[in-house]
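To be precise, the following lines are entry_34.pdb, and they hold PDB, N, CA and C atoms.
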```
ATOM      1  N   MET A 932      90.581  74.072-159.608
ATOM      2  CA  MET A 932      90.063  73.189-158.575
ATOM      3  C   MET A 932      90.012  71.753-159.119
ATOM      4  N   PHE A 933      89.677  71.629-160.381
ATOM      5  CA  PHE A 933      89.559  70.316-161.023
ATOM      6  C   PHE A 933      90.850  69.523-160.890
ATOM      7  N   LEU A 934      91.985  70.178-161.093
ATOM      8  CA  LEU A 934      93.271  69.479-161.050
ATOM      9  C   LEU A 934      93.924  69.487-159.674
ATOM     10  N   SER A 935      93.454  70.344-158.778
ATOM     11  CA  SER A 935      94.156  70.472-157.504
ATOM     12  C   SER A 935      93.505  69.742-156.336
ATOM     13  N   THR A 936      92.295  69.277-156.497
ATOM     14  CA  THR A 936      91.630  68.609-155.369
ATOM     15  C   THR A 936      91.707  67.093-155.504
ATOM     16  N   ASP A 937      91.763  66.442-154.352
ATOM     17  CA  ASP A 937      91.702  64.979-154.358
ATOM     18  C   ASP A 937      90.595  64.486-153.435
ATOM     19  N   ASP A 938      89.751  65.422-152.996
ATOM     20  CA  ASP A 938      88.619  65.082-152.138
ATOM     21  C   ASP A 938      87.478  64.550-153.013
ATOM     22  N   PRO A 939      87.058  63.299-152.773
ATOM     23  CA  PRO A 939      86.006  62.703-153.619
ATOM     24  C   PRO A 939      84.702  63.495-153.615
ATOM     25  N   GLU A 940      84.307  64.024-152.448
ATOM     26  CA  GLU A 940      83.047  64.775-152.373
ATOM     27  C   GLU A 940      83.114  66.038-153.225
ATOM     28  N   THR A 941      84.257  66.702-153.189
ATOM     29  CA  THR A 941      84.431  67.911-153.991
ATOM     30  C   THR A 941      84.381  67.574-155.477
ATOM     31  N   MET A 942      85.007  66.465-155.861
ATOM     32  CA  MET A 942      85.002  66.056-157.265
ATOM     33  C   MET A 942      83.588  65.712-157.725
ATOM     34  N   VAL A 943      82.812  65.041-156.866
ATOM     35  CA  VAL A 943      81.430  64.690-157.225
ATOM     36  C   VAL A 943      80.623  65.971-157.440
ATOM     37  N   LYS A 944      80.757  66.924-156.524
ATOM     38  CA  LYS A 944      80.031  68.192-156.676
ATOM     39  C   LYS A 944      80.454  68.913-157.956
ATOM     40  N   LEU A 945      81.742  68.918-158.214
ATOM     41  CA  LEU A 945      82.260  69.584-159.404
ATOM     42  C   LEU A 945      81.716  68.945-160.675
ATOM     43  N   MET A 946      81.683  67.620-160.711
ATOM     44  CA  MET A 946      81.188  66.929-161.900
ATOM     45  C   MET A 946      79.670  67.057-162.037
ATOM     46  N   GLU A 947      78.970  67.192-160.922
ATOM     47  CA  GLU A 947      77.518  67.421-161.004
ATOM     48  C   GLU A 947      77.228  68.803-161.574
ATOM     49  N   GLU A 948      78.035  69.782-161.160
ATOM     50  CA  GLU A 948      77.829  71.147-161.653
ATOM     51  C   GLU A 948      78.347  71.310-163.077
ATOM     52  N   TYR A 949      79.417  70.609-163.389
ATOM     53  CA  TYR A 949      80.049  70.716-164.708
ATOM     54  C   TYR A 949      80.266  69.307-165.273
ATOM     55  N   PRO A 950      79.229  68.730-165.867
ATOM     56  CA  PRO A 950      79.325  67.346-166.359
ATOM     57  C   PRO A 950      80.409  67.150-167.435
ATOM     58  N   GLU A 951      80.800  68.220-168.124
ATOM     59  CA  GLU A 951      81.833  68.073-169.156
ATOM     60  C   GLU A 951      83.186  67.667-168.556
ATOM     61  N   PHE A 952      83.367  67.840-167.259
ATOM     62  CA  PHE A 952      84.616  67.442-166.594
ATOM     63  C   PHE A 952      84.680  65.940-166.308
ATOM     64  N   THR A 953      83.562  65.265-166.371
ATOM     65  CA  THR A 953      83.524  63.846-166.022
ATOM     66  C   THR A 953      84.475  63.026-166.889
ATOM     67  N   GLN A 954      84.403  63.200-168.199
ATOM     68  CA  GLN A 954      85.281  62.430-169.083
ATOM     69  C   GLN A 954      86.750  62.814-168.850
ATOM     70  N   LEU A 955      87.025  64.109-168.686
ATOM     71  CA  LEU A 955      88.402  64.537-168.406
ATOM     72  C   LEU A 955      88.913  63.914-167.110
ATOM     73  N   TYR A 956      88.062  63.929-166.099
ATOM     74  CA  TYR A 956      88.458  63.354-164.810
ATOM     75  C   TYR A 956      88.764  61.870-164.962
ATOM     76  N   GLN A 957      87.940  61.162-165.696
ATOM     77  CA  GLN A 957      88.170  59.732-165.901
ATOM     78  C   GLN A 957      89.502  59.489-166.622
ATOM     79  N   GLU A 958      89.814  60.309-167.619
ATOM     80  CA  GLU A 958      91.087  60.159-168.338
ATOM     81  C   GLU A 958      92.280  60.419-167.420
ATOM     82  N   VAL A 959      92.190  61.501-166.652
ATOM     83  CA  VAL A 959      93.281  61.836-165.733
ATOM     84  C   VAL A 959      93.421  60.751-164.671
ATOM     85  N   TYR A 960      92.305  60.296-164.164
ATOM     86  CA  TYR A 960      92.326  59.257-163.132
ATOM     87  C   TYR A 960      92.948  57.970-163.662
ATOM     88  N   SER A 961      92.585  57.572-164.882
ATOM     89  CA  SER A 961      93.141  56.336-165.433
ATOM     90  C   SER A 961      94.635  56.495-165.717
ATOM     91  N   GLN A 962      95.065  57.678-166.140
ATOM     92  CA  GLN A 962      96.499  57.901-166.349
ATOM     93  C   GLN A 962      97.259  57.811-165.023
ATOM     94  N   CYS A 963      96.665  58.355-163.988
ATOM     95  CA  CYS A 963      97.324  58.306-162.675
ATOM     96  C   CYS A 963      97.392  56.884-162.132
ATOM     97  N   GLN A 964      96.464  56.041-162.535
ATOM     98  CA  GLN A 964      96.491  54.650-162.102
ATOM     99  C   GLN A 964      97.656  53.904-162.743
ATOM    100  N   ASN A 965      98.069  54.340-163.927
ATOM    101  CA  ASN A 965      99.186  53.711-164.624
ATOM    102  C   ASN A 965     100.467  54.455-164.227
ATOM    103  N   VAL A 966     101.035  54.036-163.113
ATOM    104  CA  VAL A 966     102.199  54.709-162.539
ATOM    105  C   VAL A 966     103.364  54.725-163.523
ATOM    106  N   GLU A 967     103.538  53.662-164.261
ATOM    107  CA  GLU A 967     104.643  53.578-165.212
ATOM    108  C   GLU A 967     104.514  54.675-166.286
ATOM    109  N   GLU A 968     103.295  54.884-166.773
ATOM    110  CA  GLU A 968     103.073  55.922-167.790
ATOM    111  C   GLU A 968     103.328  57.310-167.205
ATOM    112  N   VAL A 969     102.855  57.528-165.987
ATOM    113  CA  VAL A 969     103.073  58.829-165.335
ATOM    114  C   VAL A 969     104.563  59.073-165.139
ATOM    115  N   MET A 970     105.278  58.061-164.679
ATOM    116  CA  MET A 970     106.722  58.208-164.481
ATOM    117  C   MET A 970     107.422  58.451-165.818
ATOM    118  N   GLY A 971     106.924  57.796-166.878
ATOM    119  CA  GLY A 971     107.481  58.017-168.209
ATOM    120  C   GLY A 971     107.309  59.457-168.653
ATOM    121  N   MET A 972     106.125  60.029-168.359
ATOM    122  CA  MET A 972     105.886  61.438-168.716
ATOM    123  C   MET A 972     106.860  62.334-167.962
ATOM    124  N   PHE A 973     107.026  62.064-166.657
ATOM    125  CA  PHE A 973     107.950  62.872-165.864
ATOM    126  C   PHE A 973     109.384  62.688-166.351
ATOM    127  N   SER A 974     109.741  61.463-166.701
ATOM    128  CA  SER A 974     111.094  61.192-167.184
ATOM    129  C   SER A 974     111.377  61.966-168.466
ATOM    130  N   LYS A 975     110.399  61.988-169.380
ATOM    131  CA  LYS A 975     110.571  62.743-170.625
ATOM    132  C   LYS A 975     110.770  64.223-170.321
ATOM    133  N   GLU A 976     109.945  64.742-169.434
ATOM    134  CA  GLU A 976     110.039  66.166-169.088
ATOM    135  C   GLU A 976     111.369  66.475-168.403
ATOM    136  N   LEU A 977     111.805  65.588-167.524
ATOM    137  CA  LEU A 977     113.087  65.811-166.850
ATOM    138  C   LEU A 977     114.245  65.765-167.829
ATOM    139  N   ARG A 978     114.192  64.841-168.796
ATOM    140  CA  ARG A 978     115.241  64.788-169.828
ATOM    141  C   ARG A 978     115.266  66.086-170.621
ATOM    142  N   LEU A 979     114.081  66.576-170.973
ATOM    143  CA  LEU A 979     113.993  67.827-171.723
ATOM    144  C   LEU A 979     114.540  68.986-170.892
ATOM    145  N   LEU A 980     114.158  69.036-169.611
ATOM    146  CA  LEU A 980     114.670  70.089-168.730
ATOM    147  C   LEU A 980     116.183  69.992-168.589
ATOM    148  N   ASP A 981     116.689  68.771-168.426
ATOM    149  CA  ASP A 981     118.137  68.584-168.316
ATOM    150  C   ASP A 981     118.842  69.057-169.576
ATOM    151  N   ARG A 982     118.305  68.689-170.726
ATOM    152  CA  ARG A 982     118.922  69.088-171.999
ATOM    153  C   ARG A 982     118.893  70.611-172.140
ATOM    154  N   ASN A 983     117.762  71.219-171.797
ATOM    155  CA  ASN A 983     117.653  72.670-171.885
ATOM    156  C   ASN A 983     118.611  73.352-170.908
ATOM    157  N   THR A 984     118.747  72.774-169.726
ATOM    158  CA  THR A 984     119.669  73.333-168.741
ATOM    159  C   THR A 984     121.098  73.251-169.252
ATOM    160  N   VAL A 985     121.461  72.138-169.847
ATOM    161  CA  VAL A 985     122.810  71.985-170.398
ATOM    162  C   VAL A 985     123.046  73.012-171.497
ATOM    163  N   HIS A 986     122.065  73.183-172.396
ATOM    164  CA  HIS A 986     122.212  74.169-173.466
ATOM    165  C   HIS A 986     122.361  75.577-172.887
ATOM    166  N   TYR A 987     121.552  75.890-171.877
ATOM    167  CA  TYR A 987     121.637  77.204-171.250
ATOM    168  C   TYR A 987     123.011  77.407-170.622
ATOM    169  N   MET A 988     123.499  76.384-169.921
ATOM    170  CA  MET A 988     124.809  76.501-169.269
ATOM    171  C   MET A 988     125.921  76.659-170.308
ATOM    172  N   ILE A 989     125.823  75.923-171.410
ATOM    173  CA  ILE A 989     126.828  76.044-172.471
ATOM    174  C   ILE A 989     126.783  77.449-173.061
ATOM    175  N   ASP A 990     125.583  77.941-173.341
ATOM    176  CA  ASP A 990     125.450  79.298-173.878
ATOM    177  C   ASP A 990     126.017  80.324-172.914
ATOM    178  N   ASP A 991     125.725  80.154-171.626
ATOM    179  CA  ASP A 991     126.223  81.074-170.605
ATOM    180  C   ASP A 991     127.749  81.021-170.524
ATOM    181  N   MET A 992     128.305  79.824-170.548
ATOM    182  CA  MET A 992     129.764  79.684-170.499
ATOM    183  C   MET A 992     130.408  80.274-171.753
ATOM    184  N   GLN A 993     129.772  80.092-172.904
ATOM    185  CA  GLN A 993     130.304  80.655-174.151
ATOM    186  C   GLN A 993     130.311  82.181-174.074
ATOM    187  N   GLU A 994     129.243  82.747-173.525
ATOM    188  CA  GLU A 994     129.173  84.204-173.377
ATOM    189  C   GLU A 994     130.276  84.697-172.435
ATOM    190  N   GLN A 995     130.488  83.986-171.336
ATOM    191  CA  GLN A 995     131.567  84.363-170.416
ATOM    192  C   GLN A 995     132.926  84.262-171.110
ATOM    193  N   LEU A 996     133.116  83.203-171.876
ATOM    194  CA  LEU A 996     134.366  83.031-172.604
ATOM    195  C   LEU A 996     134.569  84.149-173.620
ATOM    196  N   ASN A 997     133.504  84.512-174.333
ATOM    197  CA  ASN A 997     133.593  85.608-175.297
ATOM    198  C   ASN A 997     133.968  86.916-174.607
ATOM    199  N   GLN A 998     133.361  87.183-173.457
ATOM    200  CA  GLN A 998     133.675  88.407-172.719
ATOM    201  C   GLN A 998     135.129  88.405-172.247
ATOM    202  N   LYS A 999     135.593  87.262-171.765
ATOM    203  CA  LYS A 999     136.980  87.178-171.297
ATOM    204  C   LYS A 999     137.949  87.312-172.460
ATOM    205  N   ASN A1000     137.616  86.718-173.601
ATOM    206  CA  ASN A1000     138.469  86.862-174.783
ATOM    207  C   ASN A1000     138.533  88.320-175.237
ATOM    208  N   LYS A1001     137.401  89.009-175.181
ATOM    209  CA  LYS A1001     137.365  90.424-175.551
ATOM    210  C   LYS A1001     138.241  91.231-174.598
ATOM    211  N   LYS A1002     138.106  90.956-173.310
ATOM    212  CA  LYS A1002     138.911  91.677-172.322
ATOM    213  C   LYS A1002     140.394  91.364-172.519
ATOM    214  N   LEU A1003     140.712  90.108-172.812
ATOM    215  CA  LEU A1003     142.099  89.720-173.061
ATOM    216  C   LEU A1003     142.657  90.463-174.269
ATOM    217  N   SER A1004     141.863  90.563-175.330
ATOM    218  CA  SER A1004     142.298  91.288-176.524
ATOM    219  C   SER A1004     142.549  92.758-176.210
ATOM    220  N   GLU A1005     141.646  93.341-175.421
ATOM    221  CA  GLU A1005     141.820  94.746-175.037
ATOM    222  C   GLU A1005     143.086  94.922-174.195
ATOM    223  N   THR A1006     143.342  93.982-173.303
ATOM    224  CA  THR A1006     144.535  94.047-172.459
ATOM    225  C   THR A1006     145.794  93.878-173.301
ATOM    226  N   GLU A1007     145.754  92.947-174.258
ATOM    227  CA  GLU A1007     146.906  92.746-175.138
ATOM    228  C   GLU A1007     147.172  93.996-175.975
ATOM    229  N   GLU A1008     146.119  94.632-176.441
ATOM    230  CA  GLU A1008     146.277  95.858-177.225
ATOM    231  C   GLU A1008     146.879  96.972-176.375
ATOM    232  N   ALA A1009     146.392  97.114-175.154
ATOM    233  CA  ALA A1009     146.937  98.136-174.255
ATOM    234  C   ALA A1009     148.401  97.846-173.950
ATOM    235  N   LEU A1010     148.730  96.583-173.761
ATOM    236  CA  LEU A1010     150.114  96.192-173.484
ATOM    237  C   LEU A1010     151.007  96.484-174.690
ATOM    238  N   ALA A1011     150.510  96.221-175.873
ATOM    239  CA  ALA A1011     151.277  96.506-177.087
ATOM    240  C   ALA A1011     151.529  98.004-177.211
ATOM    241  N   GLN A1012     150.527  98.805-176.908
ATOM    242  CA  GLN A1012     150.692 100.263-176.961
ATOM    243  C   GLN A1012     151.729 100.732-175.944
ATOM    244  N   LYS A1013     151.674 100.158-174.754
ATOM    245  CA  LYS A1013     152.638 100.544-173.714
ATOM    246  C   LYS A1013     154.038 100.071-174.077
ATOM    247  N   SER A1014     154.145  98.904-174.706
ATOM    248  CA  SER A1014     155.453  98.422-175.142
ATOM    249  C   SER A1014     156.033  99.354-176.198
ATOM    250  N   GLU A1015     155.201  99.789-177.119
ATOM    251  CA  GLU A1015     155.645 100.732-178.156
ATOM    252  C   GLU A1015     156.089 102.043-177.518
ATOM    253  N   LEU A1016     155.335 102.512-176.564
ATOM    254  CA  LEU A1016     155.700 103.743-175.854
ATOM    255  C   LEU A1016     157.021 103.565-175.108
ATOM    256  N   LEU A1017     157.220 102.420-174.502
ATOM    257  CA  LEU A1017     158.462 102.132-173.794
ATOM    258  C   LEU A1017     159.643 102.138-174.764
ATOM    259  N   LEU A1018     159.471 101.533-175.925
ATOM    260  CA  LEU A1018     160.531 101.529-176.926
ATOM    261  C   LEU A1018     160.874 102.957-177.366
ATOM    262  N   GLN A1019     159.846 103.769-177.545
ATOM    263  CA  GLN A1019     160.067 105.166-177.927
ATOM    264  C   GLN A1019     160.831 105.910-176.824
ATOM    265  N   LEU A1020     160.436 105.650-175.586
ATOM    266  CA  LEU A1020     161.126 106.310-174.465
ATOM    267  C   LEU A1020     162.577 105.852-174.370
ATOM    268  N   GLN A1021     162.812 104.564-174.553
ATOM    269  CA  GLN A1021     164.186 104.057-174.507
ATOM    270  C   GLN A1021     165.022 104.676-175.622
ATOM    271  N   SER A1022     164.432 104.808-176.784
ATOM    272  CA  SER A1022     165.148 105.433-177.902
ATOM    273  C   SER A1022     165.462 106.884-177.573
ATOM    274  N   ARG A1023     164.525 107.568-177.004
ATOM    275  CA  ARG A1023     164.738 108.985-176.641
ATOM    276  C   ARG A1023     165.810 109.101-175.564
ATOM    277  N   VAL A1024     165.800 108.184-174.599
ATOM    278  CA  VAL A1024     166.827 108.200-173.546
ATOM    279  C   VAL A1024     168.203 107.995-174.174
ATOM    280  N   ARG A1025     168.345 107.054-175.104
ATOM    281  CA  ARG A1025     169.632 106.825-175.783
ATOM    282  C   ARG A1025     170.091 108.080-176.522
ATOM    283  N   GLU A1026     169.143 108.729-177.205
ATOM    284  CA  GLU A1026     169.505 109.961-177.918
ATOM    285  C   GLU A1026     170.028 111.012-176.953
ATOM    286  N   LEU A1027     169.323 111.157-175.845
ATOM    287  CA  LEU A1027     169.759 112.150-174.859
ATOM    288  C   LEU A1027     171.105 111.775-174.251
ATOM    289  N   GLU A1028     171.311 110.489-173.998
ATOM    290  CA  GLU A1028     172.607 110.061-173.451
ATOM    291  C   GLU A1028     173.724 110.333-174.454
ATOM    292  N   GLU A1029     173.446 110.081-175.744
ATOM    293  CA  GLU A1029     174.440 110.352-176.763
ATOM    294  C   GLU A1029     174.779 111.849-176.840
ATOM    295  N   LYS A1030     173.762 112.709-176.734
ATOM    296  CA  LYS A1030     173.994 114.139-176.750
ATOM    297  C   LYS A1030     174.823 114.565-175.541
ATOM    298  N   LEU A1031     174.509 113.951-174.387
ATOM    299  CA  LEU A1031     175.275 114.290-173.172
ATOM    300  C   LEU A1031     176.722 113.807-173.313
ATOM    301  N   ALA A1032     176.909 112.664-173.930
ATOM    302  CA  ALA A1032     178.257 112.129-174.110
ATOM    303  C   ALA A1032     179.053 112.983-175.066
ATOM    304  N   GLU A1033     178.407 113.610-176.034
ATOM    305  CA  GLU A1033     179.084 114.470-176.995
ATOM    306  C   GLU A1033     179.565 115.752-176.333
ATOM    307  N   LYS A1034     178.970 116.226-175.336
ATOM    308  CA  LYS A1034     179.335 117.488-174.690
ATOM    309  C   LYS A1034     180.460 117.346-173.769
TER
END
```

Any chance you could put this one into structure tokens?
Amino acid sequence: MFLSTDDPETMVKLMEEYPEFTQLYQEVYSQCQNVEEVMGMFSKELRLLDRNTVHYMIDDMQEQLNQKNKKLSETEEALAQKSELLLQLQSRVRELEEKLAEK
């Protein structure tokens, strides 16, 4: 309630019931009066959020790239196996053709 209300009567009641909030309220109020300082705080936080977002996006893109590279390697390996099998089949076909030609 201390940070979410802007009703003066509510703040007065709150500070009467909890006098330890008076100094905190004065500090927060004076910071809010200095718009430049408040904007500076938000600017710092936004820069940090932007930097963190960029790092997250880079990490995410790197993970996607790693997955695609892994899949590409698996596909290349499967293709190499099929190429080897094709060569074996072609060799076997030649052998059979040679046997047929001999007869």

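Picture a line from CA of Val1024 in chain A to atom N of Ala1011 in chain A; it runs 20.4 Å.
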
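Computed from the coordinates, the atom C of Asn997 in chain A to atom C of Glu1015 in chain A distance equals 27.0 Å.
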
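The coordinates place atom C of Tyr960 in chain A at 17.3 Å from atom C of Phe973 in chain A.
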
Could you write range 993-1004 of chain A as an mmCIF file, in the frame of the given file, with all heavy atoms rebuilt where they are missing?
```cif
data_model
loop_
_atom_site.group_PDB
_atom_site.id
_atom_site.type_symbol
_atom_site.label_atom_id
_atom_site.label_comp_id
_atom_site.auth_asym_id
_atom_site.auth_seq_id
_atom_site.Cartn_x
_atom_site.Cartn_y
_atom_site.Cartn_z
ATOM 1 N N GLN A 993 129.772 80.092 -172.904
ATOM 2 C CA GLN A 993 130.304 80.655 -174.151
ATOM 3 C C GLN A 993 130.311 82.181 -174.074
ATOM 4 O O GLN A 993 131.269 82.828 -174.498
ATOM 5 C CB GLN A 993 129.474 80.188 -175.354
ATOM 6 C CG GLN A 993 130.029 80.655 -176.686
ATOM 7 C CD GLN A 993 131.409 80.085 -176.959
ATOM 8 O OE1 GLN A 993 131.621 78.889 -176.854
ATOM 9 N NE2 GLN A 993 132.356 80.934 -177.316
ATOM 10 N N GLU A 994 129.243 82.747 -173.525
ATOM 11 C CA GLU A 994 129.173 84.204 -173.377
ATOM 12 C C GLU A 994 130.276 84.697 -172.435
ATOM 13 O O GLU A 994 130.938 85.698 -172.712
ATOM 14 C CB GLU A 994 127.793 84.616 -172.847
ATOM 15 C CG GLU A 994 127.631 86.111 -172.653
ATOM 16 C CD GLU A 994 127.784 86.915 -173.931
ATOM 17 O OE1 GLU A 994 127.453 86.400 -175.021
ATOM 18 O OE2 GLU A 994 128.253 88.064 -173.859
ATOM 19 N N GLN A 995 130.488 83.986 -171.336
ATOM 20 C CA GLN A 995 131.567 84.363 -170.416
ATOM 21 C C GLN A 995 132.926 84.262 -171.110
ATOM 22 O O GLN A 995 133.774 85.146 -170.946
ATOM 23 C CB GLN A 995 131.555 83.461 -169.179
ATOM 24 C CG GLN A 995 130.379 83.701 -168.254
ATOM 25 C CD GLN A 995 130.367 82.715 -167.099
ATOM 26 O OE1 GLN A 995 131.338 82.005 -166.837
ATOM 27 N NE2 GLN A 995 129.249 82.664 -166.384
ATOM 28 N N LEU A 996 133.116 83.203 -171.876
ATOM 29 C CA LEU A 996 134.366 83.031 -172.604
ATOM 30 C C LEU A 996 134.569 84.149 -173.620
ATOM 31 O O LEU A 996 135.669 84.703 -173.725
ATOM 32 C CB LEU A 996 134.380 81.667 -173.311
ATOM 33 C CG LEU A 996 135.633 81.316 -174.090
ATOM 34 C CD1 LEU A 996 136.853 81.284 -173.174
ATOM 35 C CD2 LEU A 996 135.459 79.985 -174.793
ATOM 36 N N ASN A 997 133.504 84.512 -174.333
ATOM 37 C CA ASN A 997 133.593 85.608 -175.297
ATOM 38 C C ASN A 997 133.968 86.916 -174.607
ATOM 39 O O ASN A 997 134.792 87.682 -175.118
ATOM 40 C CB ASN A 997 132.269 85.772 -176.050
ATOM 41 C CG ASN A 997 131.973 84.629 -176.981
ATOM 42 O OD1 ASN A 997 132.855 83.828 -177.306
ATOM 43 N ND2 ASN A 997 130.725 84.515 -177.410
ATOM 44 N N GLN A 998 133.361 87.183 -173.457
ATOM 45 C CA GLN A 998 133.675 88.407 -172.719
ATOM 46 C C GLN A 998 135.129 88.405 -172.247
ATOM 47 O O GLN A 998 135.822 89.421 -172.337
ATOM 48 C CB GLN A 998 132.729 88.570 -171.522
ATOM 49 C CG GLN A 998 131.311 88.908 -171.921
ATOM 50 C CD GLN A 998 130.361 88.941 -170.745
ATOM 51 O OE1 GLN A 998 130.733 88.682 -169.605
ATOM 52 N NE2 GLN A 998 129.101 89.249 -171.019
ATOM 53 N N LYS A 999 135.593 87.262 -171.765
ATOM 54 C CA LYS A 999 136.980 87.178 -171.297
ATOM 55 C C LYS A 999 137.949 87.312 -172.460
ATOM 56 O O LYS A 999 138.997 87.959 -172.328
ATOM 57 C CB LYS A 999 137.202 85.872 -170.536
ATOM 58 C CG LYS A 999 136.524 85.895 -169.181
ATOM 59 C CD LYS A 999 136.738 84.633 -168.395
ATOM 60 C CE LYS A 999 135.995 84.765 -167.068
ATOM 61 N NZ LYS A 999 136.209 83.643 -166.195
ATOM 62 N N ASN A 1000 137.616 86.718 -173.601
ATOM 63 C CA ASN A 1000 138.469 86.862 -174.783
ATOM 64 C C ASN A 1000 138.533 88.320 -175.237
ATOM 65 O O ASN A 1000 139.594 88.810 -175.624
ATOM 66 C CB ASN A 1000 137.983 85.973 -175.925
ATOM 67 C CG ASN A 1000 138.340 84.516 -175.718
ATOM 68 O OD1 ASN A 1000 139.263 84.197 -174.968
ATOM 69 N ND2 ASN A 1000 137.610 83.637 -176.363
ATOM 70 N N LYS A 1001 137.401 89.009 -175.181
ATOM 71 C CA LYS A 1001 137.365 90.424 -175.551
ATOM 72 C C LYS A 1001 138.241 91.231 -174.598
ATOM 73 O O LYS A 1001 139.037 92.075 -175.025
ATOM 74 C CB LYS A 1001 135.925 90.938 -175.518
ATOM 75 C CG LYS A 1001 135.796 92.389 -175.928
ATOM 76 C CD LYS A 1001 134.358 92.842 -175.871
ATOM 77 C CE LYS A 1001 134.265 94.319 -176.213
ATOM 78 N NZ LYS A 1001 132.915 94.844 -176.064
ATOM 79 N N LYS A 1002 138.106 90.956 -173.310
ATOM 80 C CA LYS A 1002 138.911 91.677 -172.322
ATOM 81 C C LYS A 1002 140.394 91.364 -172.519
ATOM 82 O O LYS A 1002 141.247 92.256 -172.412
ATOM 83 C CB LYS A 1002 138.465 91.314 -170.912
ATOM 84 C CG LYS A 1002 139.148 92.139 -169.853
ATOM 85 C CD LYS A 1002 138.486 91.990 -168.511
ATOM 86 C CE LYS A 1002 139.201 92.911 -167.538
ATOM 87 N NZ LYS A 1002 138.413 93.260 -166.409
ATOM 88 N N LEU A 1003 140.712 90.108 -172.812
ATOM 89 C CA LEU A 1003 142.099 89.720 -173.061
ATOM 90 C C LEU A 1003 142.657 90.463 -174.269
ATOM 91 O O LEU A 1003 143.783 90.967 -174.233
ATOM 92 C CB LEU A 1003 142.200 88.211 -173.264
ATOM 93 C CG LEU A 1003 143.588 87.654 -173.557
ATOM 94 C CD1 LEU A 1003 144.554 87.972 -172.415
ATOM 95 C CD2 LEU A 1003 143.525 86.168 -173.815
ATOM 96 N N SER A 1004 141.863 90.563 -175.330
ATOM 97 C CA SER A 1004 142.298 91.288 -176.524
ATOM 98 C C SER A 1004 142.549 92.758 -176.210
ATOM 99 O O SER A 1004 143.539 93.345 -176.658
ATOM 100 C CB SER A 1004 141.252 91.182 -177.630
ATOM 101 O OG SER A 1004 141.143 89.862 -178.080
#
```
